[in-house]
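Raw contents of coords_0.tsv, TSV, C-alpha atoms and all ligand atoms:
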chain	number	residue	atom	x	y	z
A	200	MET	CA	92.44	128.32	74.26
A	201	LYS	CA	95.34	128.20	71.81
A	202	LYS	CA	92.93	128.52	68.90
A	203	LYS	CA	91.42	131.72	70.41
A	204	LYS	CA	94.85	133.38	70.68
A	205	GLN	CA	95.24	133.04	66.95
A	206	ALA	CA	91.92	134.69	66.24
A	207	GLY	CA	91.83	138.28	64.96
A	208	PHE	CA	91.59	141.33	67.22
A	209	ALA	CA	87.86	141.99	66.82
A	210	THR	CA	87.06	138.31	67.47
A	211	ARG	CA	89.19	138.22	70.60
A	212	ALA	CA	87.63	141.48	71.81
A	213	ILE	CA	84.21	139.86	71.61
A	214	HIS	CA	85.02	136.34	72.75
A	215	ASP	CA	88.13	136.15	74.95
A	216	GLY	CA	87.08	135.95	78.58
A	217	GLN	CA	83.48	136.29	77.40
A	218	GLN	CA	82.48	132.64	77.04
A	219	PRO	CA	78.75	131.98	77.54
A	220	ASP	CA	77.85	131.53	81.19
A	221	PRO	CA	78.19	127.78	81.95
A	222	LEU	CA	75.14	127.80	84.27
A	223	THR	CA	72.55	129.45	82.00
A	224	GLY	CA	74.13	129.93	78.58
A	225	ALA	CA	73.79	133.72	78.89
A	226	VAL	CA	75.93	135.25	76.14
A	227	ASN	CA	76.98	138.11	78.39
A	228	VAL	CA	79.23	137.67	81.40
A	229	PRO	CA	77.07	137.94	84.54
A	230	ILE	CA	77.78	140.73	87.02
A	231	TYR	CA	78.73	138.87	90.18
A	232	LEU	CA	77.59	141.32	92.84
A	233	SER	CA	78.74	139.24	95.75
A	234	SER	CA	81.27	140.35	98.32
A	235	THR	CA	81.72	136.82	99.67
A	236	TYR	CA	81.34	133.17	98.60
A	237	VAL	CA	80.03	130.15	100.47
A	238	GLN	CA	82.72	127.62	101.32
A	239	GLN	CA	82.05	123.87	101.42
A	240	GLY	CA	84.37	123.30	104.37
A	241	ILE	CA	87.48	124.87	105.84
A	242	GLY	CA	89.70	125.76	102.89
A	243	GLU	CA	87.23	124.20	100.44
A	244	HIS	CA	85.77	126.61	97.89
A	245	LYS	CA	85.27	127.13	94.17
A	246	GLY	CA	88.21	129.51	93.70
A	247	TYR	CA	86.54	132.57	95.16
A	248	GLU	CA	86.57	133.69	98.79
A	249	TYR	CA	86.15	137.47	98.92
A	250	SER	CA	85.66	139.95	96.06
A	251	ARG	CA	88.52	142.29	96.89
A	252	VAL	CA	90.81	139.32	96.23
A	253	SER	CA	89.03	137.99	93.16
A	254	ASN	CA	85.67	138.19	91.47
A	255	PRO	CA	84.40	136.17	88.47
A	256	THR	CA	83.35	139.25	86.42
A	257	ARG	CA	86.73	140.86	87.07
A	258	ASP	CA	88.56	137.65	86.11
A	259	ARG	CA	86.79	137.66	82.74
A	260	LEU	CA	87.75	141.27	82.03
A	261	GLU	CA	91.35	140.67	83.06
A	262	GLU	CA	91.53	137.70	80.68
A	263	ASN	CA	90.03	139.75	77.85
A	264	LEU	CA	92.35	142.75	78.22
A	265	ALA	CA	95.45	140.55	78.55
A	266	SER	CA	94.52	138.94	75.25
A	267	LEU	CA	94.02	142.28	73.47
A	268	GLU	CA	97.43	143.62	74.54
A	269	GLY	CA	99.18	140.26	74.05
A	270	GLY	CA	100.15	139.95	77.73
A	271	VAL	CA	100.24	136.94	80.03
A	272	ALA	CA	97.69	138.48	82.41
A	273	SER	CA	96.19	141.81	83.40
A	274	ARG	CA	94.96	143.39	86.62
A	275	VAL	CA	92.20	145.99	86.72
A	276	PHE	CA	91.88	148.89	89.15
A	277	GLY	CA	89.33	151.53	90.12
A	278	SER	CA	90.78	154.18	87.78
A	279	GLY	CA	93.74	154.78	85.50
A	280	MET	CA	95.49	156.60	88.34
A	281	ALA	CA	94.92	153.65	90.69
A	282	ALA	CA	96.54	151.39	88.06
A	283	ILE	CA	99.55	153.73	87.77
A	284	ASN	CA	99.79	153.92	91.55
A	285	ALA	CA	99.79	150.10	91.72
A	286	ILE	CA	102.72	149.95	89.29
A	287	THR	CA	104.76	152.38	91.37
A	288	SER	CA	103.81	150.42	94.51
A	289	MET	CA	105.97	147.62	93.08
A	290	LEU	CA	109.01	149.87	93.73
A	291	LYS	CA	110.74	150.52	97.02
A	292	SER	CA	112.08	153.62	98.70
A	293	GLY	CA	115.24	154.87	96.96
A	294	ASP	CA	114.23	153.57	93.51
A	295	HIS	CA	114.34	155.95	90.57
A	296	VAL	CA	111.99	156.26	87.57
A	297	VAL	CA	112.79	158.06	84.30
A	298	CYS	CA	109.57	159.57	82.91
A	299	GLY	CA	108.46	161.35	79.79
A	300	ASN	CA	108.17	165.10	80.32
A	301	ASP	CA	104.80	165.42	78.56
A	302	LEU	CA	102.61	162.93	80.44
A	303	TYR	CA	98.93	163.23	81.39
A	304	GLY	CA	99.09	165.92	84.13
A	305	GLY	CA	97.69	163.65	86.86
A	306	THR	CA	100.63	161.26	86.53
A	307	PRO	CA	103.42	163.71	87.50
A	308	ARG	CA	101.05	165.08	90.16
A	309	LEU	CA	100.92	161.60	91.75
A	310	PHE	CA	104.66	161.10	91.33
A	311	ASN	CA	105.79	164.53	92.61
A	312	GLN	CA	103.18	165.39	95.19
A	313	VAL	CA	102.50	161.96	96.70
A	314	LEU	CA	105.14	159.35	95.94
A	315	THR	CA	108.31	161.38	96.51
A	316	ALA	CA	107.25	161.50	100.17
A	317	PHE	CA	107.79	157.70	100.21
A	318	GLY	CA	111.36	158.00	98.92
A	319	LEU	CA	110.75	157.32	95.23
A	320	GLU	CA	112.70	159.52	92.80
A	321	PHE	CA	111.44	160.72	89.42
A	322	SER	CA	113.16	162.59	86.63
A	323	TYR	CA	111.52	163.88	83.47
A	324	VAL	CA	113.06	163.94	80.00
A	325	ASP	CA	111.91	164.32	76.42
A	326	THR	CA	111.61	160.62	75.56
A	327	SER	CA	111.02	161.40	71.87
A	328	ASP	CA	114.83	161.17	71.71
A	329	ALA	CA	115.82	157.79	73.18
A	330	LYS	CA	119.30	159.15	73.99
A	331	ASN	CA	117.72	161.38	76.65
A	332	VAL	CA	116.42	158.25	78.38
A	333	GLU	CA	119.86	156.66	78.37
A	334	LYS	CA	121.45	159.84	79.77
A	335	ALA	CA	118.89	160.08	82.59
A	336	LEU	CA	119.48	156.52	83.84
A	337	ARG	CA	121.01	156.16	87.29
A	338	LYS	CA	122.28	153.15	89.23
A	339	ASN	CA	118.95	153.04	91.08
A	340	THR	CA	116.71	153.40	87.97
A	341	ARG	CA	114.13	150.61	88.06
A	342	MET	CA	111.54	151.86	85.58
A	343	VAL	CA	111.17	154.02	82.49
A	344	TYR	CA	107.64	155.39	82.18
A	345	VAL	CA	106.40	156.78	78.85
A	346	GLU	CA	103.27	157.76	76.99
A	347	THR	CA	103.36	157.63	73.22
A	348	PRO	CA	101.91	159.70	71.63
A	349	THR	CA	102.23	162.18	74.48
A	350	ASN	CA	99.44	164.13	76.00
A	351	PRO	CA	98.77	166.74	74.65
A	352	LEU	CA	101.72	167.48	72.35
A	353	MET	CA	101.47	164.22	70.40
A	354	ARG	CA	105.20	163.48	70.49
A	355	LEU	CA	106.17	159.87	69.87
A	356	SER	CA	108.75	157.73	71.60
A	357	ASP	CA	110.50	154.90	69.80
A	358	LEU	CA	109.44	151.97	71.98
A	359	GLN	CA	111.80	149.42	70.43
A	360	GLU	CA	114.81	151.71	70.99
A	361	ILE	CA	113.82	152.55	74.56
A	362	ALA	CA	113.08	148.87	75.32
A	363	LYS	CA	116.63	147.96	74.23
A	364	ILE	CA	118.08	150.64	76.53
A	365	CYS	CA	115.92	149.37	79.39
A	366	ARG	CA	116.99	145.78	78.85
A	367	ARG	CA	120.70	146.69	78.83
A	368	ASN	CA	120.21	148.58	82.09
A	369	LYS	CA	117.85	146.17	83.86
A	370	ALA	CA	115.04	148.72	84.06
A	371	GLU	CA	111.43	147.91	83.18
A	372	LEU	CA	109.69	149.84	80.42
A	373	ILE	CA	106.13	150.89	81.29
A	374	VAL	CA	103.94	152.34	78.55
A	375	ASP	CA	100.68	154.21	79.02
A	376	ASN	CA	98.83	153.10	75.88
A	377	THR	CA	95.58	154.95	76.60
A	378	PHE	CA	95.67	157.19	73.51
A	379	MET	CA	96.10	154.43	70.94
A	380	SER	CA	94.38	151.44	72.57
A	381	PRO	CA	95.70	147.96	71.75
A	382	TYR	CA	93.87	148.19	68.44
A	383	PHE	CA	96.49	150.59	67.03
A	384	GLN	CA	99.56	149.99	69.19
A	385	GLN	CA	100.89	146.96	71.05
A	386	PRO	CA	103.79	148.04	73.28
A	387	LEU	CA	104.49	144.55	74.71
A	388	ALA	CA	105.24	143.25	71.20
A	389	LEU	CA	107.69	146.17	70.82
A	390	GLY	CA	109.56	145.18	73.99
A	391	ALA	CA	107.71	146.96	76.82
A	392	ASP	CA	107.41	145.13	80.16
A	393	MET	CA	104.03	146.44	81.28
A	394	VAL	CA	101.24	148.43	79.65
A	395	VAL	CA	98.84	150.66	81.52
A	396	HIS	CA	95.52	152.14	80.37
A	397	SER	CA	92.90	154.40	81.72
A	398	THR	CA	90.03	152.11	80.64
A	399	THR	CA	87.89	155.21	81.20
A	400	LYS	CA	88.89	156.22	77.65
A	401	PHE	CA	88.80	154.16	74.44
A	402	LEU	CA	88.57	150.68	76.04
A	403	ASN	CA	85.28	151.43	77.76
A	404	GLY	CA	84.54	154.03	75.12
A	405	HIS	CA	81.29	155.57	76.33
A	406	SER	CA	82.38	158.16	78.93
A	407	ASP	CA	80.38	156.42	81.63
A	408	GLY	CA	82.73	154.43	83.85
A	409	LEU	CA	86.17	154.95	85.32
A	410	GLY	CA	88.78	152.24	85.41
A	411	GLY	CA	92.39	151.28	84.87
A	412	VAL	CA	94.35	148.22	83.82
A	413	VAL	CA	97.93	147.01	83.94
A	414	VAL	CA	98.79	144.36	81.36
A	415	CYS	CA	101.79	142.24	82.33
A	416	SER	CA	104.44	140.45	80.29
A	417	THR	CA	105.34	138.06	83.15
A	418	GLN	CA	103.38	136.03	85.67
A	419	ASP	CA	105.59	137.44	88.41
A	420	GLN	CA	104.35	141.00	87.68
A	421	ALA	CA	100.76	139.74	87.57
A	422	ASP	CA	101.17	137.97	90.94
A	423	LYS	CA	102.64	141.09	92.55
A	424	LEU	CA	99.80	143.23	91.21
A	425	ALA	CA	97.19	140.70	92.38
A	426	PHE	CA	98.78	140.93	95.82
A	427	LEU	CA	98.48	144.73	95.65
A	428	GLN	CA	94.80	144.44	94.65
A	429	LYS	CA	94.27	142.29	97.74
A	430	CYS	CA	96.36	144.47	100.10
A	431	ALA	CA	95.46	147.98	98.94
A	432	GLY	CA	92.00	147.20	97.54
A	433	ALA	CA	91.87	149.71	94.67
A	434	ILE	CA	89.97	147.19	92.53
A	435	LEU	CA	87.42	147.80	89.77
A	436	SER	CA	83.83	147.00	90.80
A	437	PRO	CA	82.05	144.04	89.12
A	438	PHE	CA	79.56	146.43	87.49
A	439	GLU	CA	82.29	148.58	85.97
A	440	CYS	CA	84.18	145.44	84.87
A	441	TRP	CA	81.03	144.44	83.00
A	442	MET	CA	80.79	147.88	81.40
A	443	VAL	CA	84.35	147.59	80.06
A	444	LEU	CA	83.61	144.03	78.84
A	445	ARG	CA	80.65	145.47	76.97
A	446	GLY	CA	82.66	148.44	75.67
A	447	VAL	CA	85.58	146.42	74.29
A	448	LYS	CA	83.24	144.32	72.15
A	449	THR	CA	83.00	147.30	69.78
A	450	LEU	CA	86.56	148.56	70.22
A	451	ALA	CA	87.74	147.50	66.76
A	452	ALA	CA	84.70	149.03	65.03
A	453	ARG	CA	84.90	152.25	67.06
A	454	MET	CA	88.64	152.70	66.51
A	455	GLU	CA	88.22	152.41	62.75
A	456	ILE	CA	85.74	155.30	62.77
A	457	HIS	CA	87.75	157.32	65.33
A	458	ASP	CA	90.77	156.98	63.05
A	459	ARG	CA	88.89	157.86	59.87
A	460	ASN	CA	87.29	160.93	61.45
A	461	GLY	CA	90.57	161.85	63.19
A	462	ARG	CA	92.52	161.94	59.92
A	463	ALA	CA	89.85	164.08	58.26
A	464	VAL	CA	89.62	166.55	61.16
A	465	ALA	CA	93.44	166.85	61.28
A	466	ASP	CA	93.50	167.65	57.54
A	467	PHE	CA	90.71	170.19	57.96
A	468	LEU	CA	92.52	171.94	60.83
A	469	ALA	CA	95.88	171.86	59.04
A	470	ASN	CA	94.31	173.69	56.10
A	471	HIS	CA	92.36	176.22	58.17
A	472	LYS	CA	93.72	179.79	58.17
A	473	LYS	CA	92.78	180.42	61.82
A	474	VAL	CA	94.74	177.41	63.06
A	475	LYS	CA	98.41	178.10	63.67
A	476	LYS	CA	99.69	174.56	64.15
A	477	VAL	CA	98.31	171.02	64.29
A	478	PHE	CA	99.88	168.19	66.30
A	479	TYR	CA	98.80	164.82	64.85
A	480	PRO	CA	101.12	161.91	63.99
A	481	GLY	CA	99.10	161.13	60.87
A	482	LEU	CA	100.08	164.39	59.17
A	483	ALA	CA	103.05	164.08	56.82
A	484	ASP	CA	104.71	167.12	58.44
A	485	HIS	CA	104.64	165.59	61.93
A	486	PRO	CA	108.35	165.22	62.83
A	487	GLN	CA	107.84	161.53	63.68
A	488	HIS	CA	105.38	160.59	60.97
A	489	GLU	CA	107.65	157.75	59.80
A	490	LEU	CA	107.95	156.32	63.31
A	491	ALA	CA	104.16	156.59	63.67
A	492	LYS	CA	103.69	154.49	60.53
A	493	ARG	CA	106.17	151.89	61.82
A	494	GLN	CA	105.01	151.69	65.41
A	495	MET	CA	101.26	152.15	65.12
A	496	SER	CA	98.73	150.58	62.78
A	497	GLY	CA	96.54	153.73	62.78
A	498	PHE	CA	96.89	157.33	63.89
A	499	GLY	CA	93.85	157.51	66.15
A	500	SER	CA	91.68	160.49	66.94
A	501	MET	CA	93.66	162.61	69.37
A	502	ILE	CA	94.61	165.96	67.86
A	503	THR	CA	96.00	169.11	69.45
A	504	PHE	CA	96.00	172.46	67.73
A	505	GLU	CA	97.11	176.03	68.38
A	506	THR	CA	94.53	178.79	68.38
A	507	GLY	CA	97.01	181.54	69.31
A	508	SER	CA	95.80	182.55	72.79
A	509	LEU	CA	93.59	181.64	75.73
A	510	LYS	CA	91.09	184.25	74.50
A	511	ASN	CA	90.92	182.68	71.04
A	512	ALA	CA	90.58	179.20	72.51
A	513	ASN	CA	87.71	180.32	74.75
A	514	ARG	CA	85.93	182.17	71.94
A	515	MET	CA	86.04	179.07	69.79
A	516	LEU	CA	85.08	176.61	72.53
A	517	LYS	CA	82.03	178.65	73.54
A	518	LYS	CA	80.56	178.38	70.04
A	519	LEU	CA	80.71	174.59	69.71
A	520	GLN	CA	77.51	172.56	69.75
A	521	VAL	CA	78.44	169.07	68.58
A	522	CYS	CA	81.87	168.94	70.25
A	523	SER	CA	81.50	168.96	74.04
A	524	LEU	CA	83.92	170.97	76.14
A	525	GLY	CA	85.10	168.70	78.91
A	526	GLU	CA	87.95	166.70	80.39
A	527	SER	CA	88.61	163.13	79.24
A	528	LEU	CA	88.83	161.50	75.83
A	529	GLY	CA	88.15	158.29	73.98
A	530	GLY	CA	84.35	158.35	74.15
A	531	VAL	CA	82.00	157.97	71.21
A	532	GLU	CA	81.25	161.71	71.44
A	533	THR	CA	83.72	164.36	70.33
A	534	LEU	CA	85.30	165.85	73.44
A	535	ILE	CA	87.34	169.00	73.33
A	536	SER	CA	89.50	170.32	76.13
A	537	HIS	CA	91.85	173.12	77.08
A	538	PRO	CA	94.96	171.38	78.51
A	539	ALA	CA	96.49	174.47	80.20
A	540	THR	CA	93.49	174.95	82.50
A	541	MET	CA	92.20	171.38	82.64
A	542	THR	CA	94.35	168.22	82.35
A	543	HIS	CA	97.68	170.05	82.73
A	544	ALA	CA	96.75	172.77	85.23
A	545	ALA	CA	98.67	170.88	87.94
A	546	LEU	CA	101.95	171.34	86.00
A	547	GLY	CA	101.90	175.07	86.75
A	548	GLU	CA	102.77	177.83	84.31
A	549	LYS	CA	106.50	177.15	84.53
A	550	GLY	CA	106.09	173.42	83.98
A	551	ARG	CA	103.85	173.97	80.96
A	552	LYS	CA	106.21	176.53	79.44
A	553	ALA	CA	109.14	174.11	79.82
A	554	ILE	CA	107.46	171.58	77.52
A	555	GLY	CA	105.92	174.08	75.08
A	556	LEU	CA	102.33	173.72	76.29
A	557	THR	CA	100.79	177.11	75.52
A	558	ASP	CA	97.52	178.72	76.65
A	559	GLY	CA	96.20	178.68	73.07
A	560	LEU	CA	96.38	174.88	72.71
A	561	VAL	CA	93.15	172.97	72.34
A	562	ARG	CA	92.97	169.16	72.39
A	563	ILE	CA	90.26	167.29	70.58
A	564	SER	CA	89.26	163.66	70.98
A	565	VAL	CA	87.37	163.11	67.75
A	566	GLY	CA	84.30	160.96	68.26
A	567	ILE	CA	82.35	158.73	65.93
A	568	GLU	CA	79.58	161.16	64.99
A	569	ASP	CA	78.98	161.98	61.32
A	570	LEU	CA	82.16	163.61	60.09
A	571	GLN	CA	80.45	166.51	58.35
A	572	ASP	CA	78.69	167.53	61.57
A	573	ILE	CA	82.01	167.64	63.43
A	574	LEU	CA	83.64	169.68	60.65
A	575	ASN	CA	80.71	172.13	60.48
A	576	ASP	CA	80.87	172.61	64.22
A	577	LEU	CA	84.63	173.30	64.20
A	578	GLU	CA	84.18	175.72	61.28
A	579	MET	CA	81.55	177.60	63.29
A	580	GLY	CA	83.82	177.70	66.36
A	581	LEU	CA	86.88	178.87	64.45
A	582	ALA	CA	84.86	181.65	62.79
A	583	ALA	CA	84.57	183.24	66.25
A	584	ILE	CA	88.34	183.78	66.53
A	601	LIG	C1	96.86	159.13	79.14
A	601	LIG	C2	96.16	159.03	80.46
A	601	LIG	N1	96.61	158.18	81.38
A	601	LIG	C3	95.99	158.05	82.58
A	601	LIG	C4	94.90	158.81	82.91
A	601	LIG	C5	94.24	158.64	84.27
A	601	LIG	O1	93.10	157.87	84.15
A	601	LIG	P1	91.79	157.97	85.09
A	601	LIG	O2	91.19	159.31	84.85
A	601	LIG	O3	90.96	156.83	84.66
A	601	LIG	O4	92.28	157.84	86.50
A	601	LIG	C6	94.38	159.71	81.98
A	601	LIG	C7	93.20	160.52	82.31
A	601	LIG	O5	92.81	161.43	81.58
A	601	LIG	C8	95.03	159.83	80.72
A	601	LIG	O6	94.60	160.70	79.80

Would you mind writing the file out in structure tokens?
Amino acid sequence: MKKKKQAGFATRAIHDGQQPDPLTGAVNVPIYLSSTYVQQGIGEHKGYEYSRVSNPTRDRLEENLASLEGGVASRVFGSGMAAINAITSMLKSGDHVVCGNDLYGGTPRLFNQVLTAFGLEFSYVDTSDAKNVEKALRKNTRMVYVETPTNPLMRLSDLQEIAKICRRNKAELIVDNTFMSPYFQQPLALGADMVVHSTTKFLNGHSDGLGGVVVCSTQDQADKLAFLQKCAGAILSPFECWMVLRGVKTLAARMEIHDRNGRAVADFLANHKKVKKVFYPGLADHPQHELAKRQMSGFGSMITFETGSLKNANRMLKKLQVCSLGESLGGVETLISHPATMTHAALGEKGRKAIGLTDGLVRISVGIEDLQDILNDLEMGLAAI
């Protein structure tokens, strides 16, 4: 086991938790489609009793993802939102959370429209300046919840700085690492306490299954989350666990191409006369380019750009043939979305204006198709503006 931990990322992605099946030698983890398990006598079993509590396919995925993020354990859930909900279920009424003000729209929707009814308190600040986090802390602050880069404005937060603030104030730092994947960013190594992903995105990578994971830095967190899996039941199915196990095997290879294509598309957009502004941490004029180089080992493939208006955005999007207009990100195909009417519609016009999210913004998740085809497609779309 120790030897495996020292192996490189791509090796761990393929092998950790994915040992050949001891019964048959199958190189792929079997999908254990069994709700229950035969017991040899009262209290005598092989470690499995009922699949809401634990399942062998799920165990393998949880071992794999913990290894990739450098955590002690991980727990997987039926979607990214279910994973985020599980984290907040570790809090109690009266607890306060400081959040980034530019999160995936579904996260503040859960916090504001569901969880405040249970007595949890949330405040939102621009976490790209760590001082704002410190100022927002209260006596009852238990967690600081950030995404870096943010969605869709691609602002970064200095995780080491924020982790120090959290430690001094006995709050836990939770990082949604969906945009970068553990291949390019490892928040636990920078001082975060828990990492969450929508596995729906880069980890699974093929836009075909939903899922979420929380990677823990302590066994205590992992035990509490396992208890929540058992009590609330928002677990990932064995089939979808298998899909993520299959997806992560190519994570390193896919991320290299995503990153290469992402950099080239960002350069193309930055030099295009119809594009008013490009938000991508890999560009030298990104205000936190230096932090990006320090904190991440690649810049990824998430890019946001300004077309000037909703009309321009729509004209461009309608022309595209290679890039698919749709919600989500992180798949092998290039996905392009309009945050104001899709992922961030729930923020409302006022909420979007407050963070600078305009109607002309378009977000692109650059896929791993041939670069020239993506560029030609964008050129054709932009010509319609
Ligand atoms: C950054 C981020 N976190 C969390 C989520 C929620 O994940 P899911 O759709 O798997 O519930 C999303 C979904 O788009 C996301 O983009």

Quick one: pull the distance between CA of Gly390 (chain A) and CA of Leu358 (chain A), Å, one decimal.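 Interatomic distance here is 7.1 Å.
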
Point-to-point distance from CA of Leu577 (chain A) to CA of Thr347 (chain A), Å rounded to tenths: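 Answer for the CA of Leu577 (chain A) to CA of Thr347 (chain A) separation: 26.0 Å.
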
Counting only C-alpha atoms, which of A:Gly555, A:Pro307, A:Gly246, A:Gly410 gets nearest to Thr542 (chain A)? A:Pro307

As a ChimeraX atom specification, please: every protein or nucleic acid residue near ligand LIG 601 (chain A) (cut-off 8 Å, counting only C-alpha atoms and all ligand atoms). /A:277-283,302-303,305-306,346,349-350,375-378,395-400,409-411,526-528,542

Quick one: residues within 8 Å of Cys522 (chain A), only C-alpha atoms, excluding same-chain residues fewer than 6 positions away - as a list of chain:residue names?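 The neighbour list is A:Glu532, A:Thr533, A:Leu534, A:Ile535, A:Ile573, A:Asp576, A:Leu577.
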
Residues of region 402-519 of chain A that have any atom at most 12 Å from an atom of region 232-239 of chain A: could you tabulate them with the shortest-distance atom pair and the distance in Å to one decimal, using all atoms listed in the file, ordered by chain and increasing number, as CSV?
residue,atom,partner,partner_atom,distance
A:Ser436,CA,A:Leu232,CA,8.7
A:Pro437,CA,A:Leu232,CA,6.4
A:Phe438,CA,A:Leu232,CA,7.7
A:Glu439,CA,A:Leu232,CA,11.0
A:Cys440,CA,A:Leu232,CA,11.1
A:Trp441,CA,A:Leu232,CA,10.9

Give me the residues within 7 Å of region 265-270 of chain A as a PyMOL selection string, counting only C-alpha atoms and dropping any in the same chain fewer than 6 places off. chain A and resi 208+211-212+215+381+385+387+414-416

Atom-to-atom span, CA of Asn460 (chain A) and CA of Met501 (chain A), Å: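 Between CA of Asn460 (chain A) and CA of Met501 (chain A) the gap works out to 10.3 Å.
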
Would you pick out the contacts of Lys330 (chain A) at 10 Å or less, using only C-alpha atoms, so that residues sharing its chain but fewer than 6 positions from it are not included, and give the list as a PyMOL selection string? chain A and resi 324+360-361+364

May I ask which of the residues A:Thr417, A:Gly481, A:Val447, A:Thr506 is the closest one to Ala209 (chain A), counting all atoms listed in the file?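 With all atoms listed in the file as the atom set, the closest residue is A:Val447.
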
Within 10 Å of Glu578 (chain A), counting only C-alpha atoms, which residues show up once you throw out same-chain ones fewer than 6 positions away? Write them as a list of chain:residue names, please. A:Phe467, A:Leu468, A:His471, A:Lys473, A:Met515, A:Lys518, A:Leu519, A:Asp572

Looking at A:Gly529, A:Gly224, A:Gly408, A:Gly318, which one is nearest to Leu450 (chain A), with distances taken over only C-alpha atoms?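 Between A:Gly529, A:Gly224, A:Gly408, A:Gly318, the residue approaching Leu450 (chain A) most closely is A:Gly529.
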
Pick from A:Ile456, A:Val412, A:Val332, A:Val561, whichever lies nearest to His543 (chain A) using all atoms listed in the file: A:Val561

Would you mind telling me which residue in A:Met289, A:Leu314, A:Ser500, A:Phe426 lies nearest to Glu371 (chain A) when using all atoms listed in the file?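 Smallest distance to Glu371 (chain A) is found for A:Met289.
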